[in-house]
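Source file: entry23.pdb (PDB, C-alpha atoms, pLDDT in the B column)
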ATOM      1  CA  MET A   1      40.851 -43.234  33.330  1.00 47.00           C
ATOM      2  CA  ASN A   2      38.002 -41.517  31.492  1.00 48.00           C
ATOM      3  CA  ASN A   3      39.859 -38.202  31.653  1.00 47.00           C
ATOM      4  CA  PHE A   4      42.921 -39.908  30.190  1.00 45.00           C
ATOM      5  CA  ILE A   5      40.886 -41.369  27.333  1.00 48.00           C
ATOM      6  CA  ASP A   6      39.137 -38.044  26.694  1.00 53.00           C
ATOM      7  CA  SER A   7      42.442 -36.166  26.575  1.00 60.00           C
ATOM      8  CA  ASN A   8      43.908 -38.769  24.240  1.00 69.00           C
ATOM      9  CA  LEU A   9      40.933 -38.557  21.898  1.00 75.00           C
ATOM     10  CA  MET A  10      41.202 -34.780  21.894  1.00 81.00           C
ATOM     11  CA  LEU A  11      44.879 -35.112  20.982  1.00 80.00           C
ATOM     12  CA  VAL A  12      43.949 -37.487  18.143  1.00 81.00           C
ATOM     13  CA  ALA A  13      41.367 -34.982  16.875  1.00 86.00           C
ATOM     14  CA  VAL A  14      43.807 -32.047  16.946  1.00 87.00           C
ATOM     15  CA  VAL A  15      46.629 -34.021  15.313  1.00 85.00           C
ATOM     16  CA  THR A  16      44.255 -35.326  12.625  1.00 88.00           C
ATOM     17  CA  VAL A  17      42.876 -31.903  11.723  1.00 90.00           C
ATOM     18  CA  LEU A  18      46.341 -30.367  11.525  1.00 87.00           C
ATOM     19  CA  ALA A  19      47.601 -33.246   9.366  1.00 86.00           C
ATOM     20  CA  VAL A  20      44.616 -33.115   7.008  1.00 90.00           C
ATOM     21  CA  ILE A  21      44.701 -29.372   6.344  1.00 88.00           C
ATOM     22  CA  SER A  22      48.470 -29.346   5.790  1.00 85.00           C
ATOM     23  CA  PRO A  23      49.253 -29.098   2.049  1.00 84.00           C
ATOM     24  CA  GLY A  24      50.487 -32.342   0.558  1.00 87.00           C
ATOM     25  CA  PRO A  25      49.827 -34.853  -2.257  1.00 90.00           C
ATOM     26  CA  ASP A  26      46.121 -35.203  -1.375  1.00 93.00           C
ATOM     27  CA  PHE A  27      45.616 -31.448  -1.531  1.00 92.00           C
ATOM     28  CA  ALA A  28      47.484 -31.234  -4.828  1.00 90.00           C
ATOM     29  CA  VAL A  29      45.357 -33.921  -6.490  1.00 92.00           C
ATOM     30  CA  ILE A  30      42.156 -32.304  -5.196  1.00 94.00           C
ATOM     31  CA  VAL A  31      43.159 -28.933  -6.666  1.00 89.00           C
ATOM     32  CA  ARG A  32      44.146 -30.596  -9.941  1.00 87.00           C
ATOM     33  CA  ASN A  33      40.928 -32.552 -10.385  1.00 90.00           C
ATOM     34  CA  GLY A  34      38.632 -29.888  -8.970  1.00 89.00           C
ATOM     35  CA  LEU A  35      39.897 -27.188 -11.302  1.00 84.00           C
ATOM     36  CA  ARG A  36      40.347 -29.426 -14.317  1.00 84.00           C
ATOM     37  CA  TYR A  37      37.212 -31.555 -14.179  1.00 87.00           C
ATOM     38  CA  GLY A  38      34.717 -29.712 -11.983  1.00 87.00           C
ATOM     39  CA  ARG A  39      32.811 -30.224  -8.759  1.00 91.00           C
ATOM     40  CA  LYS A  40      31.387 -33.704  -9.357  1.00 93.00           C
ATOM     41  CA  LEU A  41      34.728 -35.293 -10.141  1.00 94.00           C
ATOM     42  CA  GLY A  42      36.451 -33.253  -7.463  1.00 94.00           C
ATOM     43  CA  LEU A  43      34.066 -34.757  -4.905  1.00 96.00           C
ATOM     44  CA  ALA A  44      34.728 -38.214  -6.363  1.00 97.00           C
ATOM     45  CA  THR A  45      38.433 -37.567  -5.765  1.00 96.00           C
ATOM     46  CA  ALA A  46      37.697 -36.555  -2.158  1.00 97.00           C
ATOM     47  CA  ALA A  47      35.726 -39.789  -1.698  1.00 97.00           C
ATOM     48  CA  GLY A  48      38.717 -41.736  -2.991  1.00 96.00           C
ATOM     49  CA  ILE A  49      40.969 -40.059  -0.436  1.00 96.00           C
ATOM     50  CA  GLY A  50      38.510 -40.910   2.344  1.00 95.00           C
ATOM     51  CA  CYS A  51      38.430 -44.566   1.256  1.00 96.00           C
ATOM     52  CA  GLY A  52      42.222 -44.609   1.181  1.00 95.00           C
ATOM     53  CA  VAL A  53      42.192 -43.570   4.841  1.00 94.00           C
ATOM     54  CA  ILE A  54      39.868 -46.501   5.616  1.00 94.00           C
ATOM     55  CA  VAL A  55      42.426 -48.848   4.036  1.00 93.00           C
ATOM     56  CA  HIS A  56      45.162 -47.449   6.294  1.00 92.00           C
ATOM     57  CA  THR A  57      42.949 -47.836   9.344  1.00 90.00           C
ATOM     58  CA  THR A  58      42.023 -51.396   8.408  1.00 90.00           C
ATOM     59  CA  TYR A  59      45.542 -52.756   8.046  1.00 88.00           C
ATOM     60  CA  ILE A  60      46.642 -51.037  11.245  1.00 86.00           C
ATOM     61  CA  LEU A  61      43.725 -52.522  13.220  1.00 84.00           C
ATOM     62  CA  LEU A  62      44.443 -55.948  11.721  1.00 84.00           C
ATOM     63  CA  GLY A  63      48.007 -55.716  12.996  1.00 78.00           C
ATOM     64  CA  LEU A  64      49.549 -55.465   9.543  1.00 73.00           C
ATOM     65  CA  GLY A  65      51.381 -52.298  10.546  1.00 70.00           C
ATOM     66  CA  TYR A  66      53.872 -54.746  12.089  1.00 68.00           C
ATOM     67  CA  VAL A  67      54.737 -55.951   8.593  1.00 72.00           C
ATOM     68  CA  VAL A  68      55.518 -52.434   7.411  1.00 67.00           C
ATOM     69  CA  ASN A  69      57.549 -51.768  10.545  1.00 67.00           C
ATOM     70  CA  THR A  70      59.475 -55.048  10.331  1.00 72.00           C
ATOM     71  CA  PHE A  71      60.120 -55.288   6.613  1.00 73.00           C
ATOM     72  CA  SER A  72      61.516 -51.940   5.523  1.00 74.00           C
ATOM     73  CA  TRP A  73      61.235 -52.861   1.849  1.00 75.00           C
ATOM     74  CA  VAL A  74      57.427 -52.653   2.114  1.00 76.00           C
ATOM     75  CA  LEU A  75      57.568 -48.962   3.005  1.00 75.00           C
ATOM     76  CA  GLU A  76      60.240 -48.438   0.379  1.00 82.00           C
ATOM     77  CA  PHE A  77      57.998 -50.019  -2.247  1.00 83.00           C
ATOM     78  CA  ILE A  78      55.130 -47.749  -1.189  1.00 83.00           C
ATOM     79  CA  ARG A  79      57.444 -44.745  -1.248  1.00 80.00           C
ATOM     80  CA  TYR A  80      58.790 -45.262  -4.766  1.00 86.00           C
ATOM     81  CA  THR A  81      55.433 -46.331  -6.192  1.00 88.00           C
ATOM     82  CA  GLY A  82      53.766 -43.289  -4.658  1.00 82.00           C
ATOM     83  CA  ALA A  83      56.524 -41.012  -5.929  1.00 86.00           C
ATOM     84  CA  ALA A  84      56.153 -42.432  -9.440  1.00 88.00           C
ATOM     85  CA  TYR A  85      52.377 -41.946  -9.300  1.00 84.00           C
ATOM     86  CA  LEU A  86      52.712 -38.307  -8.238  1.00 83.00           C
ATOM     87  CA  ILE A  87      55.265 -37.645 -10.954  1.00 87.00           C
ATOM     88  CA  TRP A  88      52.922 -39.206 -13.512  1.00 83.00           C
ATOM     89  CA  LEU A  89      50.035 -37.017 -12.286  1.00 81.00           C
ATOM     90  CA  GLY A  90      52.293 -33.972 -12.434  1.00 81.00           C
ATOM     91  CA  ILE A  91      53.318 -34.696 -15.998  1.00 80.00           C
ATOM     92  CA  SER A  92      49.694 -35.300 -17.002  1.00 76.00           C
ATOM     93  CA  SER A  93      48.812 -31.826 -15.696  1.00 71.00           C
ATOM     94  CA  PHE A  94      50.932 -30.359 -18.493  1.00 68.00           C
ATOM     95  CA  ARG A  95      49.230 -32.349 -21.235  1.00 65.00           C
ATOM     96  CA  SER A  96      46.257 -30.942 -23.109  1.00 49.00           C
ATOM     97  CA  SER A  97      46.031 -28.043 -20.658  1.00 51.00           C
ATOM     98  CA  VAL A  98      44.759 -25.749 -23.360  1.00 43.00           C
ATOM     99  CA  GLY A  99      42.089 -28.089 -24.757  1.00 47.00           C
ATOM    100  CA  ALA A 100      38.556 -26.802 -24.459  1.00 39.00           C
ATOM    101  CA  GLU A 101      37.355 -30.282 -23.562  1.00 42.00           C
ATOM    102  CA  GLU A 102      39.345 -30.164 -20.326  1.00 44.00           C
ATOM    103  CA  GLN A 103      38.106 -26.885 -18.944  1.00 46.00           C
ATOM    104  CA  CYS A 104      36.343 -27.127 -15.641  1.00 42.00           C
ATOM    105  CA  ALA A 105      33.358 -24.803 -15.449  1.00 43.00           C
ATOM    106  CA  GLU A 106      30.412 -27.128 -15.067  1.00 44.00           C
ATOM    107  CA  GLY A 107      27.947 -27.100 -17.894  1.00 40.00           C
ATOM    108  CA  GLU A 108      30.438 -25.519 -20.301  1.00 45.00           C
ATOM    109  CA  ARG A 109      32.517 -28.449 -21.348  1.00 45.00           C
ATOM    110  CA  GLY A 110      32.670 -32.159 -21.620  1.00 46.00           C
ATOM    111  CA  VAL A 111      34.412 -34.228 -18.961  1.00 47.00           C
ATOM    112  CA  VAL A 112      37.171 -36.429 -20.242  1.00 63.00           C
ATOM    113  CA  VAL A 113      37.461 -38.749 -17.247  1.00 78.00           C
ATOM    114  CA  SER A 114      34.909 -40.840 -15.400  1.00 88.00           C
ATOM    115  CA  PRO A 115      33.979 -40.503 -11.709  1.00 91.00           C
ATOM    116  CA  GLY A 116      35.707 -43.851 -11.198  1.00 92.00           C
ATOM    117  CA  ALA A 117      38.962 -42.499 -12.618  1.00 93.00           C
ATOM    118  CA  ALA A 118      38.754 -39.406 -10.410  1.00 94.00           C
ATOM    119  CA  PHE A 119      38.028 -41.649  -7.412  1.00 96.00           C
ATOM    120  CA  ARG A 120      41.103 -43.745  -8.216  1.00 94.00           C
ATOM    121  CA  ASN A 121      43.261 -40.611  -8.399  1.00 94.00           C
ATOM    122  CA  GLY A 122      42.365 -39.717  -4.819  1.00 95.00           C
ATOM    123  CA  PHE A 123      42.494 -43.316  -3.569  1.00 96.00           C
ATOM    124  CA  MET A 124      45.871 -44.154  -5.080  1.00 94.00           C
ATOM    125  CA  CYS A 125      47.385 -40.827  -4.061  1.00 93.00           C
ATOM    126  CA  ASN A 126      46.393 -41.444  -0.445  1.00 93.00           C
ATOM    127  CA  ILE A 127      47.314 -45.104  -0.024  1.00 93.00           C
ATOM    128  CA  LEU A 128      50.659 -44.655  -1.812  1.00 90.00           C
ATOM    129  CA  ASN A 129      51.723 -41.734   0.372  1.00 89.00           C
ATOM    130  CA  PRO A 130      54.434 -43.108   2.719  1.00 85.00           C
ATOM    131  CA  LYS A 131      53.961 -40.167   5.091  1.00 85.00           C
ATOM    132  CA  THR A 132      50.337 -41.180   5.547  1.00 88.00           C
ATOM    133  CA  VAL A 133      51.463 -44.724   6.341  1.00 86.00           C
ATOM    134  CA  CYS A 134      53.891 -43.394   8.949  1.00 84.00           C
ATOM    135  CA  PHE A 135      51.216 -41.065  10.350  1.00 86.00           C
ATOM    136  CA  PHE A 136      48.837 -43.956  11.011  1.00 86.00           C
ATOM    137  CA  MET A 137      51.539 -46.150  12.480  1.00 83.00           C
ATOM    138  CA  ALA A 138      52.651 -43.384  14.832  1.00 81.00           C
ATOM    139  CA  LEU A 139      49.093 -42.451  15.781  1.00 81.00           C
ATOM    140  CA  PHE A 140      47.973 -45.966  16.636  1.00 78.00           C
ATOM    141  CA  THR A 141      51.195 -46.991  18.399  1.00 74.00           C
ATOM    142  CA  GLN A 142      52.025 -43.838  20.348  1.00 72.00           C
ATOM    143  CA  VAL A 143      48.767 -41.951  20.871  1.00 69.00           C
ATOM    144  CA  VAL A 144      46.154 -44.725  20.882  1.00 69.00           C
ATOM    145  CA  ARG A 145      46.907 -47.067  23.774  1.00 68.00           C
ATOM    146  CA  PRO A 146      46.882 -50.890  23.488  1.00 66.00           C
ATOM    147  CA  GLU A 147      44.093 -51.011  26.077  1.00 70.00           C
ATOM    148  CA  THR A 148      41.885 -48.749  23.975  1.00 71.00           C
ATOM    149  CA  SER A 149      38.841 -50.770  22.931  1.00 79.00           C
ATOM    150  CA  MET A 150      38.481 -51.893  19.328  1.00 82.00           C
ATOM    151  CA  SER A 151      35.245 -49.917  18.973  1.00 84.00           C
ATOM    152  CA  VAL A 152      37.048 -46.719  19.972  1.00 82.00           C
ATOM    153  CA  GLN A 153      39.892 -47.452  17.562  1.00 84.00           C
ATOM    154  CA  VAL A 154      37.422 -48.080  14.732  1.00 88.00           C
ATOM    155  CA  GLY A 155      35.691 -44.821  15.676  1.00 88.00           C
ATOM    156  CA  ILE A 156      39.015 -42.998  15.479  1.00 88.00           C
ATOM    157  CA  GLY A 157      39.634 -44.441  12.028  1.00 89.00           C
ATOM    158  CA  LEU A 158      36.193 -43.373  10.833  1.00 92.00           C
ATOM    159  CA  PHE A 159      36.729 -39.920  12.309  1.00 93.00           C
ATOM    160  CA  ILE A 160      39.997 -39.553  10.387  1.00 92.00           C
ATOM    161  CA  ALA A 161      38.327 -40.727   7.171  1.00 94.00           C
ATOM    162  CA  MET A 162      35.386 -38.346   7.618  1.00 95.00           C
ATOM    163  CA  THR A 163      37.755 -35.466   8.405  1.00 95.00           C
ATOM    164  CA  HIS A 164      39.560 -36.085   5.123  1.00 95.00           C
ATOM    165  CA  LEU A 165      36.307 -36.363   3.194  1.00 96.00           C
ATOM    166  CA  LEU A 166      34.744 -33.225   4.693  1.00 96.00           C
ATOM    167  CA  TRP A 167      37.872 -31.081   4.381  1.00 96.00           C
ATOM    168  CA  PHE A 168      38.612 -31.983   0.783  1.00 96.00           C
ATOM    169  CA  SER A 169      34.940 -31.721  -0.177  1.00 96.00           C
ATOM    170  CA  PHE A 170      34.996 -28.210   1.289  1.00 96.00           C
ATOM    171  CA  VAL A 171      38.098 -27.403  -0.776  1.00 94.00           C
ATOM    172  CA  VAL A 172      36.333 -28.656  -3.901  1.00 94.00           C
ATOM    173  CA  PHE A 173      33.253 -26.508  -3.218  1.00 93.00           C
ATOM    174  CA  VAL A 174      35.477 -23.451  -2.731  1.00 91.00           C
ATOM    175  CA  LEU A 175      37.453 -24.128  -5.910  1.00 87.00           C
ATOM    176  CA  THR A 176      34.343 -24.720  -8.019  1.00 88.00           C
ATOM    177  CA  ALA A 177      32.191 -21.860  -6.690  1.00 88.00           C
ATOM    178  CA  PRO A 178      31.044 -19.655  -9.599  1.00 83.00           C
ATOM    179  CA  GLY A 179      33.000 -16.621  -8.403  1.00 78.00           C
ATOM    180  CA  ALA A 180      36.153 -18.654  -7.856  1.00 74.00           C
ATOM    181  CA  LEU A 181      35.855 -20.287 -11.271  1.00 71.00           C
ATOM    182  CA  GLN A 182      35.751 -16.909 -12.962  1.00 72.00           C
ATOM    183  CA  VAL A 183      39.047 -16.055 -11.297  1.00 72.00           C
ATOM    184  CA  PHE A 184      40.656 -19.443 -11.868  1.00 74.00           C
ATOM    185  CA  ASN A 185      39.611 -19.687 -15.498  1.00 69.00           C
ATOM    186  CA  ARG A 186      41.517 -16.501 -16.344  1.00 70.00           C
ATOM    187  CA  CYS A 187      44.766 -18.201 -15.435  1.00 69.00           C
ATOM    188  CA  LYS A 188      43.712 -21.837 -15.578  1.00 68.00           C
ATOM    189  CA  GLN A 189      46.641 -22.991 -17.691  1.00 70.00           C
ATOM    190  CA  TRP A 190      49.173 -21.445 -15.317  1.00 73.00           C
ATOM    191  CA  ILE A 191      47.424 -22.890 -12.261  1.00 72.00           C
ATOM    192  CA  GLU A 192      47.385 -26.377 -13.785  1.00 72.00           C
ATOM    193  CA  LYS A 193      51.050 -26.099 -14.654  1.00 75.00           C
ATOM    194  CA  GLY A 194      51.803 -24.840 -11.150  1.00 78.00           C
ATOM    195  CA  VAL A 195      49.966 -27.790  -9.625  1.00 76.00           C
ATOM    196  CA  GLY A 196      51.857 -30.063 -12.005  1.00 77.00           C
ATOM    197  CA  VAL A 197      55.163 -28.622 -10.809  1.00 80.00           C
ATOM    198  CA  CYS A 198      54.084 -29.127  -7.182  1.00 80.00           C
ATOM    199  CA  MET A 199      53.201 -32.762  -7.877  1.00 77.00           C
ATOM    200  CA  LEU A 200      56.499 -33.347  -9.632  1.00 82.00           C
ATOM    201  CA  GLY A 201      58.314 -31.730  -6.721  1.00 84.00           C
ATOM    202  CA  LEU A 202      56.421 -33.812  -4.167  1.00 78.00           C
ATOM    203  CA  GLY A 203      57.125 -36.981  -6.121  1.00 81.00           C
ATOM    204  CA  VAL A 204      60.836 -36.255  -6.400  1.00 84.00           C
ATOM    205  CA  SER A 205      60.976 -35.231  -2.722  1.00 82.00           C
ATOM    206  CA  ILE A 206      59.312 -38.464  -1.605  1.00 77.00           C
ATOM    207  CA  ALA A 207      61.618 -40.544  -3.824  1.00 78.00           C
ATOM    208  CA  LEU A 208      64.756 -38.853  -2.466  1.00 79.00           C
ATOM    209  CA  ASP A 209      63.612 -38.716   1.154  1.00 73.00           C
ATOM    210  CA  SER A 210      65.834 -41.030   3.148  1.00 57.00           C
TER     211      SER A 210
END

Render the structure in this file as structure tokens.
Amino acid sequence: MNNFIDSNLMLVAVVTVLAVISPGPDFAVIVRNGLRYGRKLGLATAAGIGCGVIVHTTYILLGLGYVVNTFSWVLEFIRYTGAAYLIWLGISSFRSSVGAEEQCAEGERGVVVSPGAAFRNGFMCNILNPKTVCFFMALFTQVVRPETSMSVQVGIGLFIAMTHLLWFSFVVFVLTAPGALQVFNRCKQWIEKGVGVCMLGLGVSIALDS
């Protein structure tokens, strides 16, 4: 029994890491905010993503995943709302991209958003991602067994949240390292527009995904 639990937890860990590092909406919003607003707000965005994961874990452990699974319109609402949010973020990446106030090298320019706004970007992007909803439902219904204790399930949820937080914080530190900033700032406008296109594409893809 212990070997079975250990192997299942290892599977959860591997699946989680692979899911987190795969490019998606969370990665796009981290790149956008990290490059545009700097390290502090990039880390606030990563914290928002981590808290979004806690929300997913909470409703699954409370049995509310049944609601999503039973009433298809709930997932549809999440899907279209999330798609609209990504499209809005993508469009915003094109606005004021050449303004000096929005450049991201720390200490060089003013920040035009608050840590709370950056946090909300990450939080909303994560909780409104229908693929994340499906990931948690599949993980806790097919990989985590019903007989798994609540403490272990809570631990799994915290592990997933911490994995998100650590990975995206690492991405932010890489993006905002002095050497990287020198490279990124040379083509900052093009990178922001590229990220904007990716967000628009992800939003449209999620909206059209049947």

CA of Leu175 in chain A to CA of Tyr37 in chain A, straight-line distance in Å: 11.1 Å

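Note that CA of Tyr80 in chain A and CA of Ala207 in chain A are 5.6 Å apart.
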
Explicit residues for the PyMOL selection byres ((chain A and resi 196-199) around 6) (as a PyMOL selection string): chain A and resi 86+90+93+193-195+200-202

Ref. answer, residues at most 9 Å from (34.9, -37.6, -11.2) with only C-alpha atoms, as number ranges by chain: A: 33-34, 37-45, 111, 113-119

Atomic distance CA of Glu76 in chain A - CA of Leu18 in chain A, expressed in Å with one decimal: 25.4 Å

Please rebuild range 5-30 of chain A with N, CA, C and O atoms and return the result as a short mmCIF file (atom, residue, chain, number, x, y, z; two decimals), keeping the file's coordinate frame.
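To be explicit, this is the file written out as result-v1.cif:
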data_model
loop_
_atom_site.label_atom_id
_atom_site.label_comp_id
_atom_site.auth_asym_id
_atom_site.auth_seq_id
_atom_site.Cartn_x
_atom_site.Cartn_y
_atom_site.Cartn_z
N ILE A 5 41.39 -41.02 28.65
CA ILE A 5 40.89 -41.37 27.33
C ILE A 5 40.40 -40.13 26.60
O ILE A 5 40.69 -39.92 25.42
N ASP A 6 39.66 -39.26 27.31
CA ASP A 6 39.14 -38.04 26.69
C ASP A 6 40.26 -37.16 26.18
O ASP A 6 40.19 -36.61 25.09
N SER A 7 41.32 -37.01 26.99
CA SER A 7 42.44 -36.17 26.58
C SER A 7 43.16 -36.78 25.38
O SER A 7 43.62 -36.07 24.49
N ASN A 8 43.27 -38.11 25.37
CA ASN A 8 43.91 -38.77 24.24
C ASN A 8 43.09 -38.61 22.96
O ASN A 8 43.65 -38.37 21.89
N LEU A 9 41.78 -38.72 23.07
CA LEU A 9 40.93 -38.56 21.90
C LEU A 9 40.98 -37.12 21.39
O LEU A 9 40.96 -36.89 20.18
N MET A 10 41.07 -36.18 22.31
CA MET A 10 41.20 -34.78 21.89
C MET A 10 42.52 -34.57 21.16
O MET A 10 42.57 -33.86 20.15
N LEU A 11 43.58 -35.21 21.65
CA LEU A 11 44.88 -35.11 20.98
C LEU A 11 44.80 -35.70 19.58
O LEU A 11 45.33 -35.13 18.62
N VAL A 12 44.13 -36.86 19.45
CA VAL A 12 43.95 -37.49 18.14
C VAL A 12 43.22 -36.54 17.19
O VAL A 12 43.60 -36.38 16.03
N ALA A 13 42.16 -35.90 17.70
CA ALA A 13 41.37 -34.98 16.88
C ALA A 13 42.21 -33.81 16.39
O ALA A 13 42.17 -33.45 15.21
N VAL A 14 42.99 -33.21 17.30
CA VAL A 14 43.81 -32.05 16.95
C VAL A 14 44.88 -32.44 15.94
O VAL A 14 45.09 -31.76 14.92
N VAL A 15 45.57 -33.56 16.21
CA VAL A 15 46.63 -34.02 15.31
C VAL A 15 46.06 -34.33 13.92
O VAL A 15 46.65 -33.99 12.90
N THR A 16 44.88 -34.97 13.90
CA THR A 16 44.26 -35.33 12.62
C THR A 16 43.92 -34.10 11.81
O THR A 16 44.23 -34.01 10.61
N VAL A 17 43.28 -33.12 12.44
CA VAL A 17 42.88 -31.90 11.72
C VAL A 17 44.10 -31.18 11.17
O VAL A 17 44.11 -30.75 10.00
N LEU A 18 45.14 -31.05 11.98
CA LEU A 18 46.34 -30.37 11.52
C LEU A 18 47.00 -31.12 10.37
O LEU A 18 47.49 -30.50 9.41
N ALA A 19 47.00 -32.45 10.44
CA ALA A 19 47.60 -33.25 9.37
C ALA A 19 46.80 -33.14 8.08
O ALA A 19 47.37 -33.05 6.98
N VAL A 20 45.47 -33.14 8.20
CA VAL A 20 44.62 -33.12 7.01
C VAL A 20 44.71 -31.79 6.27
O VAL A 20 44.79 -31.76 5.03
N ILE A 21 44.71 -30.68 7.01
CA ILE A 21 44.70 -29.37 6.34
C ILE A 21 46.08 -28.95 5.86
O ILE A 21 46.20 -27.97 5.12
N SER A 22 47.13 -29.68 6.27
CA SER A 22 48.47 -29.35 5.79
C SER A 22 48.59 -29.71 4.31
O SER A 22 48.21 -30.82 3.91
N PRO A 23 49.11 -28.81 3.48
CA PRO A 23 49.25 -29.10 2.05
C PRO A 23 50.14 -30.32 1.81
O PRO A 23 51.14 -30.52 2.49
N GLY A 24 49.74 -31.14 0.89
CA GLY A 24 50.49 -32.34 0.56
C GLY A 24 49.95 -32.95 -0.73
O GLY A 24 49.20 -32.31 -1.47
N PRO A 25 50.29 -34.21 -1.02
CA PRO A 25 49.83 -34.85 -2.26
C PRO A 25 48.31 -34.88 -2.39
O PRO A 25 47.78 -34.65 -3.49
N ASP A 26 47.58 -35.17 -1.30
CA ASP A 26 46.12 -35.20 -1.38
C ASP A 26 45.55 -33.85 -1.79
O ASP A 26 44.64 -33.76 -2.62
N PHE A 27 46.08 -32.79 -1.20
CA PHE A 27 45.62 -31.45 -1.53
C PHE A 27 45.92 -31.13 -2.99
O PHE A 27 45.08 -30.54 -3.70
N ALA A 28 47.09 -31.52 -3.44
CA ALA A 28 47.48 -31.23 -4.83
C ALA A 28 46.55 -31.93 -5.82
O ALA A 28 46.13 -31.34 -6.81
N VAL A 29 46.21 -33.19 -5.55
CA VAL A 29 45.36 -33.92 -6.49
C VAL A 29 43.93 -33.39 -6.45
O VAL A 29 43.23 -33.38 -7.48
N ILE A 30 43.49 -32.91 -5.29
CA ILE A 30 42.16 -32.30 -5.20
C ILE A 30 42.10 -31.01 -6.02
O ILE A 30 41.14 -30.77 -6.76
#
